[in-house]
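S.K.: Structure file entry_36.cif, mmCIF, C-alpha atoms, is pasted below:
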```
data_data
loop_
_atom_site.label_atom_id
_atom_site.label_comp_id
_atom_site.auth_asym_id
_atom_site.auth_seq_id
_atom_site.Cartn_x
_atom_site.Cartn_y
_atom_site.Cartn_z
CA MET A 512 19.49 -46.18 -30.54
CA LEU A 513 20.04 -47.04 -26.87
CA VAL A 514 18.97 -50.63 -26.11
CA LEU A 515 18.63 -52.28 -22.72
CA GLY A 516 19.33 -56.02 -23.04
CA LEU A 517 18.15 -58.70 -20.59
CA GLU A 518 19.42 -62.30 -20.51
CA THR A 519 17.71 -64.94 -18.34
CA SER A 520 17.81 -68.15 -20.38
CA CYS A 521 19.39 -70.38 -17.73
CA ASP A 522 21.50 -69.72 -14.64
CA GLU A 523 22.96 -66.27 -15.27
CA THR A 524 21.16 -62.93 -15.03
CA GLY A 525 22.67 -60.49 -17.52
CA VAL A 526 21.85 -56.84 -18.17
CA ALA A 527 23.56 -54.46 -20.59
CA LEU A 528 23.17 -51.11 -22.33
CA TYR A 529 24.20 -50.95 -25.97
CA ASP A 530 24.29 -47.77 -28.05
CA SER A 531 24.11 -48.24 -31.82
CA GLU A 532 26.61 -45.39 -32.30
CA ARG A 533 28.88 -45.64 -29.23
CA GLY A 534 28.84 -49.38 -28.63
CA LEU A 535 28.57 -51.11 -25.27
CA LEU A 536 28.12 -48.59 -22.45
CA ALA A 537 27.72 -50.84 -19.41
CA ASP A 538 26.93 -54.44 -18.49
CA ALA A 539 26.43 -56.50 -15.35
CA LEU A 540 26.12 -60.21 -14.70
CA PHE A 541 25.12 -62.36 -11.75
CA SER A 542 26.01 -66.05 -11.95
CA GLN A 543 24.00 -68.63 -10.02
CA ILE A 544 26.79 -71.22 -10.02
CA ASP A 545 27.08 -71.29 -6.22
CA LEU A 546 23.30 -71.72 -5.92
CA HIS A 547 23.19 -74.78 -8.19
CA ARG A 548 26.57 -76.35 -7.41
CA VAL A 549 25.23 -78.23 -4.38
CA TYR A 550 22.77 -80.03 -6.71
CA GLY A 551 25.35 -80.81 -9.39
CA GLY A 552 23.40 -78.95 -12.07
CA VAL A 553 20.81 -76.26 -12.72
CA VAL A 554 17.51 -76.50 -10.81
CA PRO A 555 15.01 -74.65 -13.06
CA GLU A 556 12.69 -73.40 -10.30
CA LEU A 557 15.57 -72.00 -8.27
CA ALA A 558 16.99 -70.36 -11.38
CA SER A 559 13.69 -68.60 -12.11
CA ARG A 560 13.32 -67.31 -8.56
CA ASP A 561 16.85 -65.96 -8.49
CA HIS A 562 16.32 -64.11 -11.80
CA VAL A 563 13.32 -62.37 -10.19
CA LYS A 564 15.52 -61.37 -7.25
CA ARG A 565 18.44 -60.07 -9.32
CA MET A 566 16.84 -58.42 -12.36
CA LEU A 567 15.79 -54.96 -11.13
CA PRO A 568 18.92 -54.33 -9.00
CA LEU A 569 21.11 -55.19 -12.01
CA ILE A 570 19.08 -52.86 -14.26
CA ARG A 571 19.56 -50.02 -11.77
CA GLN A 572 23.28 -50.82 -11.55
CA VAL A 573 23.76 -50.72 -15.32
CA LEU A 574 21.82 -47.46 -15.70
CA ASP A 575 23.90 -45.87 -12.95
CA GLU A 576 27.21 -47.04 -14.43
CA ALA A 577 26.26 -45.64 -17.82
CA GLY A 578 24.93 -42.41 -16.36
CA LYS A 579 21.54 -43.00 -17.96
CA GLN A 580 17.94 -42.83 -16.81
CA ALA A 581 14.81 -44.72 -17.81
CA GLY A 582 13.79 -41.91 -20.14
CA ASP A 583 17.00 -42.36 -22.16
CA ILE A 584 16.15 -45.95 -23.19
CA ASP A 585 14.93 -46.28 -26.79
CA ALA A 586 14.11 -50.01 -26.76
CA LEU A 587 14.46 -53.28 -24.89
CA ALA A 588 15.82 -56.64 -26.01
CA TYR A 589 15.33 -59.88 -24.10
CA THR A 590 16.14 -63.55 -24.55
CA ALA A 591 12.97 -65.26 -25.84
CA GLY A 592 14.51 -68.72 -26.27
CA PRO A 593 15.78 -71.34 -26.37
CA GLY A 594 16.23 -71.99 -22.66
CA LEU A 595 14.40 -72.83 -19.46
CA VAL A 596 10.83 -71.61 -19.86
CA GLY A 597 10.48 -70.32 -16.30
CA ALA A 598 13.76 -68.43 -16.51
CA LEU A 599 12.92 -67.01 -19.94
CA LEU A 600 9.56 -65.75 -18.68
CA VAL A 601 11.26 -63.61 -16.03
CA GLY A 602 13.27 -61.65 -18.58
CA ALA A 603 10.44 -61.50 -21.12
CA SER A 604 7.83 -60.22 -18.66
CA CYS A 605 10.25 -57.70 -17.17
CA ALA A 606 11.20 -56.38 -20.61
CA GLN A 607 7.61 -56.16 -21.82
CA ALA A 608 6.48 -54.42 -18.63
CA LEU A 609 9.24 -51.83 -18.91
CA ALA A 610 8.58 -51.37 -22.63
CA PHE A 611 4.91 -50.72 -21.87
CA ALA A 612 5.70 -48.35 -18.98
CA TRP A 613 8.33 -46.43 -20.95
CA ASP A 614 6.38 -46.53 -24.24
CA VAL A 615 9.25 -48.01 -26.24
CA PRO A 616 9.47 -51.13 -28.44
CA ALA A 617 10.78 -54.52 -27.29
CA VAL A 618 12.19 -57.43 -29.28
CA GLY A 619 12.74 -61.07 -28.36
CA VAL A 620 16.23 -62.35 -29.18
CA HIS A 621 17.32 -65.88 -30.03
CA HIS A 622 19.85 -66.95 -27.39
CA MET A 623 22.16 -68.70 -29.86
CA GLU A 624 22.06 -65.75 -32.27
CA GLY A 625 23.21 -63.66 -29.34
CA HIS A 626 26.19 -65.97 -28.82
CA LEU A 627 26.92 -66.07 -32.54
CA LEU A 628 27.06 -62.26 -32.74
CA ALA A 629 28.99 -61.74 -29.48
CA PRO A 630 32.35 -61.43 -31.35
CA MET A 631 30.87 -58.37 -33.06
CA LEU A 632 31.40 -56.55 -29.75
CA GLU A 633 35.19 -56.80 -30.19
CA GLU A 634 37.48 -54.22 -31.82
CA GLN A 635 38.10 -56.47 -34.82
CA PRO A 636 34.77 -58.15 -35.58
CA PRO A 637 34.42 -60.83 -38.27
CA ALA A 638 33.01 -59.95 -41.68
CA PHE A 639 30.25 -61.96 -43.36
CA PRO A 640 30.27 -64.67 -44.61
CA PHE A 641 31.88 -67.06 -42.12
CA VAL A 642 31.41 -70.47 -40.51
CA ALA A 643 30.38 -70.44 -36.84
CA LEU A 644 30.99 -73.14 -34.26
CA LEU A 645 28.40 -72.68 -31.51
CA VAL A 646 29.31 -74.57 -28.34
CA SER A 647 27.02 -73.39 -25.58
CA GLY A 648 25.29 -75.51 -22.93
CA GLY A 649 23.11 -78.04 -24.73
CA HIS A 650 24.12 -76.85 -28.20
CA THR A 651 26.99 -77.87 -30.47
CA GLN A 652 26.38 -76.64 -34.01
CA LEU A 653 28.24 -75.69 -37.17
CA VAL A 654 26.49 -72.92 -39.08
CA ARG A 655 27.23 -71.05 -42.29
CA VAL A 656 26.52 -67.37 -41.66
CA ASP A 657 25.98 -65.06 -44.64
CA GLY A 658 24.43 -62.25 -42.59
CA ILE A 659 22.22 -61.64 -39.58
CA GLY A 660 19.35 -64.09 -39.92
CA GLN A 661 20.98 -65.82 -42.90
CA TYR A 662 21.92 -69.13 -41.30
CA GLN A 663 22.47 -72.56 -42.81
CA LEU A 664 22.86 -75.42 -40.34
CA LEU A 665 25.79 -77.59 -41.46
CA GLY A 666 25.98 -80.01 -38.56
CA GLU A 667 24.95 -80.48 -34.95
CA SER A 668 25.23 -82.85 -32.01
CA LEU A 669 23.06 -85.95 -32.29
CA ASP A 670 23.10 -86.54 -28.52
CA ASP A 671 25.12 -84.83 -25.78
CA ALA A 672 26.55 -81.45 -26.73
CA ALA A 673 30.21 -80.75 -25.94
CA GLY A 674 29.36 -78.63 -22.89
CA GLU A 675 27.04 -81.32 -21.53
CA ALA A 676 29.73 -83.95 -22.03
CA PHE A 677 32.22 -81.81 -20.07
CA ASP A 678 29.75 -81.38 -17.20
CA LYS A 679 28.75 -85.06 -17.07
CA THR A 680 32.33 -86.31 -17.27
CA ALA A 681 33.34 -83.98 -14.45
CA LYS A 682 30.40 -85.14 -12.32
CA LEU A 683 31.20 -88.85 -12.70
CA MET A 684 34.70 -88.14 -11.34
CA GLY A 685 33.30 -86.19 -8.39
CA LEU A 686 34.24 -82.72 -9.64
CA ASN A 687 32.27 -79.56 -9.01
CA TYR A 688 29.68 -78.03 -11.34
CA PRO A 689 30.17 -76.56 -13.91
CA GLY A 690 32.48 -79.22 -15.24
CA GLY A 691 34.13 -77.48 -18.18
CA PRO A 692 36.44 -75.17 -16.20
CA GLU A 693 37.18 -77.98 -13.73
CA ILE A 694 38.31 -80.37 -16.47
CA ALA A 695 40.31 -77.67 -18.26
CA LYS A 696 42.13 -76.87 -15.02
CA LEU A 697 42.96 -80.52 -14.28
CA ALA A 698 44.02 -81.17 -17.89
CA GLU A 699 46.93 -78.75 -17.45
CA GLN A 700 48.45 -81.24 -14.99
CA GLY A 701 47.60 -84.40 -16.93
CA THR A 702 50.09 -86.93 -18.28
CA PRO A 703 50.08 -86.81 -22.09
CA GLY A 704 49.49 -90.17 -23.73
CA ARG A 705 48.47 -92.15 -20.64
CA PHE A 706 44.94 -92.44 -22.01
CA VAL A 707 43.81 -92.05 -25.62
CA PHE A 708 40.11 -91.39 -26.13
CA PRO A 709 38.29 -91.85 -29.46
CA ARG A 710 37.51 -88.93 -31.78
CA PRO A 711 33.81 -89.69 -32.39
CA MET A 712 32.38 -89.54 -35.93
CA THR A 713 35.62 -88.28 -37.46
CA ASP A 714 36.19 -91.52 -39.39
CA ARG A 715 33.14 -90.93 -41.58
CA PRO A 716 31.98 -88.03 -43.77
CA GLY A 717 29.62 -85.40 -42.41
CA LEU A 718 29.57 -82.53 -39.95
CA ASP A 719 27.41 -83.91 -37.14
CA PHE A 720 28.74 -84.56 -33.64
CA SER A 721 28.23 -87.25 -30.99
CA PHE A 722 29.75 -86.97 -27.52
CA SER A 723 27.70 -89.44 -25.46
CA GLY A 724 30.06 -92.32 -26.31
CA LEU A 725 33.05 -90.22 -25.26
CA LYS A 726 31.40 -89.67 -21.88
CA THR A 727 30.88 -93.45 -21.53
CA PHE A 728 34.52 -94.07 -22.46
CA ALA A 729 35.56 -91.67 -19.69
CA LEU A 730 33.30 -93.47 -17.20
CA ASN A 731 34.78 -96.88 -18.08
CA THR A 732 38.32 -95.50 -17.80
CA TRP A 733 37.55 -93.95 -14.42
CA GLN A 734 36.07 -97.20 -13.11
CA GLN A 735 39.12 -99.15 -14.28
CA CYS A 736 41.39 -96.75 -12.41
CA ARG A 737 39.32 -97.21 -9.26
CA ASP A 738 39.29 -101.01 -9.62
CA ASN A 739 43.08 -101.07 -10.14
CA GLY A 740 43.72 -98.98 -7.03
CA ASP A 741 45.37 -96.20 -9.05
CA ASP A 742 46.15 -92.77 -7.62
CA LEU A 743 42.71 -91.23 -8.24
CA ASP A 744 43.89 -87.62 -8.08
CA GLN A 745 46.35 -88.26 -10.90
CA ALA A 746 43.78 -90.39 -12.73
CA ARG A 747 41.41 -87.41 -12.73
CA ARG A 748 44.09 -85.22 -14.25
CA ASP A 749 45.00 -87.76 -16.93
CA ILE A 750 41.38 -88.52 -17.85
CA ALA A 751 40.64 -84.78 -17.98
CA LEU A 752 43.52 -84.26 -20.41
CA ALA A 753 42.57 -87.19 -22.64
CA PHE A 754 38.91 -86.18 -22.65
CA GLN A 755 39.63 -82.54 -23.45
CA GLN A 756 42.05 -83.51 -26.22
CA ALA A 757 39.41 -85.75 -27.79
CA VAL A 758 36.71 -83.06 -27.72
CA VAL A 759 39.03 -80.32 -28.98
CA GLU A 760 40.46 -82.40 -31.82
CA THR A 761 36.98 -83.61 -32.84
CA LEU A 762 35.68 -80.03 -32.98
CA THR A 763 38.78 -78.92 -34.91
CA ILE A 764 38.44 -81.70 -37.50
CA LYS A 765 34.78 -80.87 -38.09
CA CYS A 766 35.47 -77.14 -38.32
CA LYS A 767 38.14 -77.77 -40.94
CA ARG A 768 35.69 -79.89 -42.95
CA ALA A 769 33.02 -77.19 -42.71
CA LEU A 770 35.40 -74.49 -43.91
CA LYS A 771 36.57 -76.58 -46.87
CA GLN A 772 33.00 -77.54 -47.75
CA SER A 773 31.83 -73.93 -47.68
CA GLY A 774 34.91 -72.48 -49.35
CA LEU A 775 35.41 -69.98 -46.50
CA ASN A 776 38.42 -69.26 -44.31
CA SER A 777 36.86 -67.27 -41.47
CA LEU A 778 35.65 -69.10 -38.36
CA VAL A 779 33.73 -67.76 -35.38
CA ILE A 780 33.57 -69.78 -32.17
CA ALA A 781 30.98 -68.74 -29.62
CA GLY A 782 29.37 -70.02 -26.42
CA GLY A 783 30.77 -71.08 -23.08
CA VAL A 784 33.10 -73.78 -24.42
CA SER A 785 34.70 -71.20 -26.76
CA ALA A 786 36.55 -69.87 -23.68
CA ASN A 787 38.53 -73.13 -23.51
CA LYS A 788 42.19 -72.24 -24.13
CA ALA A 789 43.09 -75.57 -25.74
CA LEU A 790 40.22 -75.25 -28.22
CA ARG A 791 41.26 -71.72 -29.16
CA GLU A 792 44.88 -72.79 -29.65
CA HIS A 793 43.93 -75.73 -31.88
CA LEU A 794 41.58 -73.67 -34.02
CA GLU A 795 44.05 -70.80 -34.35
CA ARG A 796 46.73 -73.25 -35.49
CA MET A 797 44.37 -74.86 -37.98
CA LEU A 798 43.19 -71.51 -39.40
CA GLY A 799 46.80 -70.34 -39.63
CA GLU A 800 47.60 -73.34 -41.82
CA MET A 801 44.56 -72.49 -43.97
CA LYS A 802 45.61 -68.81 -44.23
CA GLY A 803 42.41 -67.90 -42.46
CA LYS A 804 41.39 -66.38 -39.14
CA VAL A 805 39.39 -67.38 -36.09
CA PHE A 806 37.26 -64.89 -34.14
CA TYR A 807 35.84 -65.13 -30.64
CA ALA A 808 34.54 -62.89 -27.89
CA ARG A 809 36.50 -61.98 -24.77
CA PRO A 810 36.02 -64.65 -22.06
CA ARG A 811 33.33 -62.81 -20.10
CA PHE A 812 31.18 -62.59 -23.22
CA CYS A 813 31.57 -66.29 -24.05
CA THR A 814 29.18 -67.37 -21.32
CA ASP A 815 25.61 -66.05 -21.15
CA ASN A 816 25.50 -62.25 -20.84
CA GLY A 817 23.28 -59.26 -21.46
CA ALA A 818 25.69 -57.54 -23.87
CA MET A 819 25.20 -60.10 -26.64
CA ILE A 820 21.40 -59.83 -26.27
CA ALA A 821 21.50 -56.03 -26.35
CA TYR A 822 23.68 -56.08 -29.49
CA ALA A 823 21.64 -58.70 -31.35
CA GLY A 824 18.40 -57.00 -30.34
CA CYS A 825 19.69 -53.62 -31.49
CA GLN A 826 20.43 -54.95 -34.99
CA ARG A 827 16.90 -56.31 -35.33
CA LEU A 828 15.31 -53.19 -33.87
CA LEU A 829 17.23 -51.01 -36.33
CA ALA A 830 15.78 -53.20 -39.08
CA GLY A 831 12.29 -52.40 -37.84
CA GLN A 832 11.56 -55.62 -35.99
CA HIS A 833 9.76 -55.62 -32.63
CA GLU A 834 7.17 -57.62 -30.69
CA ASP A 835 3.62 -56.90 -29.63
CA LEU A 836 2.82 -56.82 -25.91
CA ALA A 837 2.23 -60.57 -25.67
CA ILE A 838 4.79 -62.40 -23.53
CA LYS A 839 6.09 -65.24 -25.68
CA VAL A 840 9.07 -67.52 -25.05
CA GLN A 841 10.23 -70.78 -26.64
CA ALA A 842 12.12 -73.59 -24.94
CA ARG A 843 13.12 -74.87 -28.40
CA TRP A 844 13.64 -72.54 -31.35
CA PRO A 845 15.53 -73.45 -34.56
CA MET A 846 17.87 -70.59 -35.39
CA GLU A 847 17.38 -71.17 -39.13
CA SER A 848 13.77 -70.01 -38.73
CA LEU A 849 14.85 -66.45 -37.88
CA PRO A 850 14.09 -63.74 -40.50
CA ALA A 851 17.02 -62.20 -42.34
CA ILE A 852 17.79 -58.49 -42.02
#
```
When written as structure tokens, how does the structure in this file appear?
M.R.:
Amino acid sequence: MLVLGLETSCDETGVALYDSERGLLADALFSQIDLHRVYGGVVPELASRDHVKRMLPLIRQVLDEAGKQAGDIDALAYTAGPGLVGALLVGASCAQALAFAWDVPAVGVHHMEGHLLAPMLEEQPPAFPFVALLVSGGHTQLVRVDGIGQYQLLGESLDDAAGEAFDKTAKLMGLNYPGGPEIAKLAEQGTPGRFVFPRPMTDRPGLDFSFSGLKTFALNTWQQCRDNGDDLDQARRDIALAFQQAVVETLTIKCKRALKQSGLNSLVIAGGVSANKALREHLERMLGEMKGKVFYARPRFCTDNGAMIAYAGCQRLLAGQHEDLAIKVQARWPMESLPAI
């Protein structure tokens, strides 16, 4: 089955062709970072308009790269949620229109399921069951995964997600959007031990997260540095290091708890924050001590992309799932509500 996947949940337009027998044939991505950077965050209306502008050229590009034509497509998969409603509607209406014109089925894909299954695109994919740490945009979740659609939520962020905390901390120090890569870059030049940030909710049982207090701690530290007349360039580096260490160690502690609680020793990390090198190093070290293994997608498939939507959609299409012609998207959509296949 040859599936065309479309991703338009937020600020990246992704298109990919996935073949159930040959794997990923081609993919293309356009990031709107430069468009939104001037505003310090994503502007939903601008995101939607840019998806409209980019979608059809990217589809033509992917078809050309794969040497395929419209008549070769067996089905379409598109992100149906969660995400920005206006942005989601662009991908959903485009997919449904093409499915109608080409007389093929279409299926709506859960954005976070796409991230969760992205490591399946690698040469050595994880085997079920495993624990997944999903750290993408506004989501930070620990999930037990027994199969596609067989998800048990173990813990989640009660306020700011890790990615949001990175972005907001970067913004308060005057760094560019998105904040995660900016902080990771500065942290490499930080002075170890100058600042020690708390590891939130690690001193109590449970698998939930809370990063809003960590963001406030960073703000107070930054203001103290400004009031003291410190070298602000170095202060940014040192705060970035302390903040990143706190987030990484908090996520690692919770992942270890989740693995012990579930009796598993395989961990998948997925979503934009999973590209963070320090996080990968900490989790690999922790899994090595547990005689387990950590899995993640290559960096370009950690952020939003069409390949993960095409893959996830293909698995559900092969199981016989598809949508009617109604265009339906969901800004909020619990992943545990998905049907198992």
S.K.: Write out as a ChimeraX atom specification each polymer residue whose atoms come within 9 Å of segment 728-744 of chain A, counting all atoms listed in the file; drop sequence neighbours fewer than 4 positions from it.
M.R.: /A:680,683-684,706,708-709,723-724,748-751,753-754
S.K.: Run through the PyMOL selection byres ((chain A and resi 781-795) around 8) on the given coordinates and return the selected residues as a PyMOL selection string.
M.R.: chain A and resi 626-627+629-630+643-648+673-674+691-692+695+759-760+763+779-780+796-799+804-805+807-810+813-815
S.K.: Go through segment 687-753 of chain A residue by residue and, counting all atoms listed in the file, keep those with an atom at most 9 Å from segment 649-663 of chain A; for each kept residue give the shortest atom pair and its distance in Å to one decimal, ordered by chain and increasing number, as CSV.
M.R.:
```
residue,atom,partner,partner_atom,distance
A:Leu718,CA,A:Leu653,CA,7.5
A:Asp719,CA,A:Gln652,CA,8.0
A:Phe720,CA,A:Thr651,CA,7.6
```
S.K.: Evaluating the PyMOL selection byres ((chain A and resi 515) around 6) on the displayed file yields which residues, as a VMD selection string?
M.R.: chain A and resid 514 516 527 to 528 587 821
S.K.: Expand the PyMOL selection byres ((chain A and resi 838) around 7) into the explicit residue set it covers here, and present it as a count of residues only.
M.R.: 6
S.K.: Could you state the separation of atom CA of Gly597 of chain A and atom CA of Trp844 of chain A in Å, given to one decimal place?
M.R.: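 Between atom CA of Gly597 of chain A and atom CA of Trp844 of chain A the gap works out to 15.5 Å.
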S.K.: Using Å and a single decimal, report how far atom CA of Ile820 of chain A sits from atom CA of Lys564 of chain A.
M.R.: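 Interatomic distance, atom CA of Lys564 of chain A to atom CA of Ile820 of chain A: 20.0 Å.
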S.K.: Determine the nearest neighbour of Leu599 of chain A from the options A:Ser668, A:Ser777, A:Gln832, A:Ser559, counting only C-alpha atoms.
M.R.: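 Closest to Leu599 of chain A, using only C-alpha atoms: A:Ser559.
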S.K.: In Å, how far is it from atom CA of Tyr589 of chain A to atom CA of Ala617 of chain A?
M.R.: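 Atom CA of Tyr589 of chain A sits 7.7 Å away from atom CA of Ala617 of chain A.
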S.K.: Restrict the calculation to all atoms listed in the file, then for each residue of segment 619-712 of chain A with any atom at most 12 Å from an atom of segment 536-546 of chain A give the closest atom pair and their distance in Å to one decimal, rows by chain and rising residue number, as JSON lines.
M.R.:
```
{"residue": "A:Leu632", "atom": "CA", "partner": "A:Leu536", "partner_atom": "CA", "distance": 11.3}
{"residue": "A:Asn687", "atom": "CA", "partner": "A:Ile544", "partner_atom": "CA", "distance": 10.0}
{"residue": "A:Tyr688", "atom": "CA", "partner": "A:Ile544", "partner_atom": "CA", "distance": 7.5}
{"residue": "A:Pro689", "atom": "CA", "partner": "A:Ile544", "partner_atom": "CA", "distance": 7.4}
{"residue": "A:Gly690", "atom": "CA", "partner": "A:Ile544", "partner_atom": "CA", "distance": 11.1}
```
S.K.: I'd like to know which of A:Val707, A:Val526, A:Leu595, A:Ala588 is closest to Met566 of chain A, using all atoms listed in the file.
M.R.: A:Val526
S.K.: Kindly provide, as a PyMOL selection string, the polymer residues lying within 12 Å of (36.2, -72.6, -50.2), counting all atoms listed in the file and using the coordinates exactly as they appear in the file.
M.R.: chain A and resi 640-642+767-777+801-803
S.K.: Show which residues sit within 7 Å of Ser531 of chain A, as a tab-separated table (two decimals) with C-alpha atoms, in the coordinates of the input. Count all atoms listed in the file, and ignore same-chain residues fewer than 4 positions away.
M.R.:
```
chain	number	residue	atom	x	y	z
A	512	MET	CA	19.49	-46.18	-30.54
A	513	LEU	CA	20.04	-47.04	-26.87
A	825	CYS	CA	19.69	-53.62	-31.49
```
S.K.: Provide an axis-aligned box for all listed atoms of segment 710-721 of chain A, padding each side by 4 Å; report its centre and its edge lengths in Å to one decimal, as lines of an AutoDock Vina configuration file.
M.R.:
```
center_x = 32.5
center_y = -87.0
center_z = -37.4
size_x = 18.1
size_y = 17.0
size_z = 20.8
```
S.K.: Which of these, A:Glu556, A:Asp614, A:Asp714, A:Glu634, has the shortest distance to Ala581 of chain A once you count only C-alpha atoms?
M.R.: A:Asp614
S.K.: Please determine, counting all atoms listed in the file, which residue among A:Ala681, A:Ala606, A:Ala558, A:Met631 has the shortest atom-to-atom distance to Ala818 of chain A.
M.R.: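 Checking each candidate against Ala818 of chain A, we get A:Met631 as the closest.
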S.K.: Go through A:Ala608, A:Cys766, A:Ala672, A:Leu535 one by one, measure the shortest atom-to-atom distance of each to Val573 of chain A using only C-alpha atoms, and give the residue with the smallest value.
M.R.: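 Using only C-alpha atoms, Val573 of chain A sits closest to A:Leu535.
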S.K.: Select segment 751-766 of chain A in the preceding structure and write N, CA, C and O atoms to a file as a CSV table (one decimal), in the first residue's frame.
M.R.:
```csv
chain,number,residue,atom,x,y,z
A,751,ALA,N,21.2,28.5,31.1
A,751,ALA,CA,20.8,27.5,30.1
A,751,ALA,C,21.2,26.2,30.5
A,751,ALA,O,20.5,25.2,30.4
A,752,LEU,N,22.5,26.1,31.0
A,752,LEU,CA,23.0,24.8,31.4
A,752,LEU,C,22.2,24.2,32.6
A,752,LEU,O,21.8,23.1,32.6
A,753,ALA,N,22.0,25.1,33.6
A,753,ALA,CA,21.4,24.7,34.8
A,753,ALA,C,19.9,24.3,34.5
A,753,ALA,O,19.4,23.3,35.1
A,754,PHE,N,19.3,25.0,33.7
A,754,PHE,CA,17.9,24.7,33.3
A,754,PHE,C,17.8,23.4,32.6
A,754,PHE,O,17.0,22.5,32.9
A,755,GLN,N,18.7,23.2,31.6
A,755,GLN,CA,18.6,22.0,30.8
A,755,GLN,C,19.0,20.8,31.7
A,755,GLN,O,18.3,19.7,31.5
A,756,GLN,N,19.9,20.9,32.6
A,756,GLN,CA,20.3,19.8,33.5
A,756,GLN,C,19.1,19.4,34.3
A,756,GLN,O,18.8,18.2,34.5
A,757,ALA,N,18.3,20.4,34.8
A,757,ALA,CA,17.2,20.1,35.6
A,757,ALA,C,16.1,19.4,34.9
A,757,ALA,O,15.5,18.4,35.4
A,758,VAL,N,15.8,19.9,33.7
A,758,VAL,CA,14.8,19.2,32.8
A,758,VAL,C,15.2,17.8,32.5
A,758,VAL,O,14.4,16.8,32.6
A,759,VAL,N,16.4,17.6,32.0
A,759,VAL,CA,16.9,16.3,31.6
A,759,VAL,C,16.9,15.3,32.8
A,759,VAL,O,16.4,14.2,32.6
A,760,GLU,N,17.4,15.7,33.9
A,760,GLU,CA,17.5,14.8,35.1
A,760,GLU,C,16.1,14.5,35.6
A,760,GLU,O,15.8,13.4,36.0
A,761,THR,N,15.1,15.5,35.5
A,761,THR,CA,13.8,15.2,35.9
A,761,THR,C,13.1,14.2,35.0
A,761,THR,O,12.5,13.2,35.5
A,762,LEU,N,13.3,14.3,33.7
A,762,LEU,CA,12.7,13.4,32.8
A,762,LEU,C,13.3,12.0,32.9
A,762,LEU,O,12.6,11.0,32.9
A,763,THR,N,14.6,12.0,33.2
A,763,THR,CA,15.3,10.7,33.4
A,763,THR,C,14.8,10.0,34.6
A,763,THR,O,14.6,8.7,34.6
A,764,ILE,N,14.7,10.7,35.7
A,764,ILE,CA,14.2,10.1,37.0
A,764,ILE,C,12.8,9.5,36.8
A,764,ILE,O,12.5,8.4,37.2
A,765,LYS,N,11.9,10.2,36.1
A,765,LYS,CA,10.6,9.8,35.9
A,765,LYS,C,10.5,8.6,34.9
A,765,LYS,O,9.7,7.6,35.1
A,766,CYS,N,11.4,8.6,33.9
A,766,CYS,CA,11.4,7.5,33.0
A,766,CYS,C,11.9,6.2,33.7
A,766,CYS,O,11.3,5.1,33.5
```
